[in-house]
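Trainee: Here's a structure for you.
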Amino acid sequence: MQTVQVETTGSVRDLVTVIAQRLVDNPDSVSVGEVSSGQTMVLELRVAKTDIGKIIGRQGRTAQALRTIINAASARDKKRAVLEIME
């Protein structure tokens, strides 16, 4: 198993990008957009159509795990983060 270090000073957006790139077959197709309004941050994750199933996971477990990690990371900044998986 390979260990990946992510800087703690990085943004939640960078965290989502790194995790998503490790999960998919086409890491070059991963893009994360960020829309902020007040205390809420919406992260829009886009991957290749063939990789959507890998991001969502069985019964949505991988997507739920991503959302849990994002919520924990954004709590540090006292913001609320929402992950949207776009087609």
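Chain labels follow the order of the structure tokens: the first chain is A, the next B, and so on; residue numbering restarts at 1 in every chain, and ligands are counted from 1 in their shown order.
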Report as a PyMOL selection string all protein, DNA and RNA residues lying within 8 Å of Ala20 of chain A, evaluated on only C-alpha atoms, omitting residues in the same chain fewer than 5 positions from it.
Mentor: chain A and resi 27+30+55
Trainee: List the neighbours of segment 67-71 of chain A out to 12 Å using only C-alpha atoms; skip same-chain residues closer than 6 positions along the sequence, and give me the result as a ChimeraX atom specification.
Mentor: /A:11-17,19-20,40-45,55-56,60-61,77-85
Trainee: Considering only C-alpha atoms, state which residue in the set A:Glu87, A:Lys54, A:Arg46, A:Ser37 is at the smallest distance from Val24 of chain A.
Mentor: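 Between A:Glu87, A:Lys54, A:Arg46, A:Ser37, the residue approaching Val24 of chain A most closely is A:Lys54.
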Trainee: Between A:Val18, A:Met86, A:Gly53, A:Ala63, which has the minimum distance to Gly33 of chain A (counting only C-alpha atoms)?
Mentor: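 The shortest atom-to-atom distance to Gly33 of chain A comes from A:Met86.
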Trainee: Which parts of chain A does DSSP call alpha helix (DSSP H) when run on the backbone here, written out as a PyMOL selection string?
Mentor: chain A and resi 12-23+52-56+61-75
Trainee: Write to file, as a PDB file, in the first residue's frame, the residues of the selection just made, with C-alpha atoms.
Mentor:
```
ATOM      1  CA  VAL A  12     -10.395  20.938   0.831  1.00  0.00           C
ATOM      2  CA  ARG A  13     -10.561  21.177  -2.947  1.00  0.00           C
ATOM      3  CA  ASP A  14      -6.987  19.848  -3.222  1.00  0.00           C
ATOM      4  CA  LEU A  15      -7.859  17.014  -0.858  1.00  0.00           C
ATOM      5  CA  VAL A  16     -10.813  15.940  -3.000  1.00  0.00           C
ATOM      6  CA  THR A  17      -8.669  16.119  -6.131  1.00  0.00           C
ATOM      7  CA  VAL A  18      -5.941  13.893  -4.679  1.00  0.00           C
ATOM      8  CA  ILE A  19      -8.380  11.302  -3.333  1.00  0.00           C
ATOM      9  CA  ALA A  20     -10.412  11.180  -6.555  1.00  0.00           C
ATOM     10  CA  GLN A  21      -7.304  10.816  -8.712  1.00  0.00           C
ATOM     11  CA  ARG A  22      -6.240   7.798  -6.639  1.00  0.00           C
ATOM     12  CA  LEU A  23      -9.645   6.130  -7.044  1.00  0.00           C
ATOM     13  CA  ILE A  52     -18.327   7.524 -12.039  1.00  0.00           C
ATOM     14  CA  GLY A  53     -19.070   4.100 -10.560  1.00  0.00           C
ATOM     15  CA  LYS A  54     -15.696   4.037  -8.829  1.00  0.00           C
ATOM     16  CA  ILE A  55     -16.330   7.415  -7.211  1.00  0.00           C
ATOM     17  CA  ILE A  56     -19.846   6.497  -6.089  1.00  0.00           C
ATOM     18  CA  ARG A  61     -20.358   4.003   0.225  1.00  0.00           C
ATOM     19  CA  THR A  62     -17.316   5.591  -1.421  1.00  0.00           C
ATOM     20  CA  ALA A  63     -19.189   8.840  -2.069  1.00  0.00           C
ATOM     21  CA  GLN A  64     -20.397   8.877   1.531  1.00  0.00           C
ATOM     22  CA  ALA A  65     -16.850   8.304   2.794  1.00  0.00           C
ATOM     23  CA  LEU A  66     -15.621  11.207   0.635  1.00  0.00           C
ATOM     24  CA  ARG A  67     -18.337  13.438   2.071  1.00  0.00           C
ATOM     25  CA  THR A  68     -17.351  12.460   5.619  1.00  0.00           C
ATOM     26  CA  ILE A  69     -13.698  13.327   4.969  1.00  0.00           C
ATOM     27  CA  ILE A  70     -14.684  16.637   3.366  1.00  0.00           C
ATOM     28  CA  ASN A  71     -16.898  17.572   6.302  1.00  0.00           C
ATOM     29  CA  ALA A  72     -14.100  16.836   8.759  1.00  0.00           C
ATOM     30  CA  ALA A  73     -11.569  18.848   6.745  1.00  0.00           C
ATOM     31  CA  SER A  74     -13.908  21.807   6.264  1.00  0.00           C
ATOM     32  CA  ALA A  75     -14.818  21.902   9.960  1.00  0.00           C
TER      33      ALA A  75
END
```
Trainee: Can you check which residues of chain A DSSP gives as strand (DSSP E or B) on the backbone and send them as JSON, numbers by chain?
Mentor: {"A": [31, 32, 33, 34, 35, 36, 37, 40, 41, 42, 43, 44, 45, 46, 80, 81, 82, 83, 84, 85, 86]}
Trainee: Dump N, CA and C atoms for the selected residues as a PDB file, in the first residue's frame?
Mentor:
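As a result, again_28.pdb now contains:
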```pdb
ATOM      1  N   SER A  31     -11.565  16.746 -12.272  1.00  0.00           N
ATOM      2  CA  SER A  31     -11.540  18.189 -12.033  1.00  0.00           C
ATOM      3  C   SER A  31     -12.521  18.504 -10.912  1.00  0.00           C
ATOM      4  N   VAL A  32     -12.131  19.443 -10.074  1.00  0.00           N
ATOM      5  CA  VAL A  32     -12.957  19.830  -8.935  1.00  0.00           C
ATOM      6  C   VAL A  32     -13.169  21.329  -9.000  1.00  0.00           C
ATOM      7  N   GLY A  33     -14.437  21.731  -9.094  1.00  0.00           N
ATOM      8  CA  GLY A  33     -14.796  23.136  -9.068  1.00  0.00           C
ATOM      9  C   GLY A  33     -15.299  23.507  -7.686  1.00  0.00           C
ATOM     10  N   GLU A  34     -15.158  24.766  -7.343  1.00  0.00           N
ATOM     11  CA  GLU A  34     -15.563  25.212  -6.016  1.00  0.00           C
ATOM     12  C   GLU A  34     -16.447  26.449  -6.141  1.00  0.00           C
ATOM     13  N   VAL A  35     -17.603  26.380  -5.478  1.00  0.00           N
ATOM     14  CA  VAL A  35     -18.517  27.521  -5.439  1.00  0.00           C
ATOM     15  C   VAL A  35     -18.754  27.831  -3.967  1.00  0.00           C
ATOM     16  N   SER A  36     -18.375  29.032  -3.549  1.00  0.00           N
ATOM     17  CA  SER A  36     -18.533  29.406  -2.143  1.00  0.00           C
ATOM     18  C   SER A  36     -19.584  30.482  -2.007  1.00  0.00           C
ATOM     19  N   SER A  37     -20.381  30.334  -0.972  1.00  0.00           N
ATOM     20  CA  SER A  37     -21.350  31.376  -0.641  1.00  0.00           C
ATOM     21  C   SER A  37     -21.490  31.396   0.881  1.00  0.00           C
ATOM     22  N   THR A  40     -20.881  28.199   3.338  1.00  0.00           N
ATOM     23  CA  THR A  40     -21.063  26.938   2.631  1.00  0.00           C
ATOM     24  C   THR A  40     -20.189  26.904   1.388  1.00  0.00           C
ATOM     25  N   MET A  41     -19.541  25.771   1.177  1.00  0.00           N
ATOM     26  CA  MET A  41     -18.692  25.565   0.019  1.00  0.00           C
ATOM     27  C   MET A  41     -19.219  24.339  -0.724  1.00  0.00           C
ATOM     28  N   VAL A  42     -19.529  24.502  -2.005  1.00  0.00           N
ATOM     29  CA  VAL A  42     -19.996  23.390  -2.828  1.00  0.00           C
ATOM     30  C   VAL A  42     -18.846  22.974  -3.733  1.00  0.00           C
ATOM     31  N   LEU A  43     -18.454  21.710  -3.629  1.00  0.00           N
ATOM     32  CA  LEU A  43     -17.392  21.165  -4.464  1.00  0.00           C
ATOM     33  C   LEU A  43     -18.029  20.299  -5.539  1.00  0.00           C
ATOM     34  N   GLU A  44     -17.750  20.625  -6.793  1.00  0.00           N
ATOM     35  CA  GLU A  44     -18.301  19.889  -7.924  1.00  0.00           C
ATOM     36  C   GLU A  44     -17.216  19.002  -8.505  1.00  0.00           C
ATOM     37  N   LEU A  45     -17.356  17.696  -8.304  1.00  0.00           N
ATOM     38  CA  LEU A  45     -16.372  16.721  -8.764  1.00  0.00           C
ATOM     39  C   LEU A  45     -16.800  16.170 -10.113  1.00  0.00           C
ATOM     40  N   ARG A  46     -15.905  16.270 -11.097  1.00  0.00           N
ATOM     41  CA  ARG A  46     -16.168  15.736 -12.434  1.00  0.00           C
ATOM     42  C   ARG A  46     -15.091  14.710 -12.772  1.00  0.00           C
ATOM     43  N   ARG A  80     -19.044  24.751   6.022  1.00  0.00           N
ATOM     44  CA  ARG A  80     -19.796  23.553   5.668  1.00  0.00           C
ATOM     45  C   ARG A  80     -19.467  23.245   4.220  1.00  0.00           C
ATOM     46  N   ALA A  81     -19.129  21.993   3.937  1.00  0.00           N
ATOM     47  CA  ALA A  81     -18.784  21.591   2.575  1.00  0.00           C
ATOM     48  C   ALA A  81     -19.783  20.573   2.055  1.00  0.00           C
ATOM     49  N   VAL A  82     -20.141  20.727   0.788  1.00  0.00           N
ATOM     50  CA  VAL A  82     -21.078  19.807   0.129  1.00  0.00           C
ATOM     51  C   VAL A  82     -20.382  19.282  -1.118  1.00  0.00           C
ATOM     52  N   LEU A  83     -20.415  17.960  -1.316  1.00  0.00           N
ATOM     53  CA  LEU A  83     -19.808  17.365  -2.502  1.00  0.00           C
ATOM     54  C   LEU A  83     -20.899  16.968  -3.483  1.00  0.00           C
ATOM     55  N   GLU A  84     -20.777  17.437  -4.707  1.00  0.00           N
ATOM     56  CA  GLU A  84     -21.680  17.053  -5.788  1.00  0.00           C
ATOM     57  C   GLU A  84     -20.859  16.335  -6.844  1.00  0.00           C
ATOM     58  N   ILE A  85     -21.293  15.158  -7.213  1.00  0.00           N
ATOM     59  CA  ILE A  85     -20.629  14.392  -8.245  1.00  0.00           C
ATOM     60  C   ILE A  85     -21.363  14.665  -9.551  1.00  0.00           C
ATOM     61  N   MET A  86     -20.695  15.330 -10.470  1.00  0.00           N
ATOM     62  CA  MET A  86     -21.305  15.773 -11.723  1.00  0.00           C
ATOM     63  C   MET A  86     -20.989  14.773 -12.840  1.00  0.00           C
TER      64      MET A  86
END
```
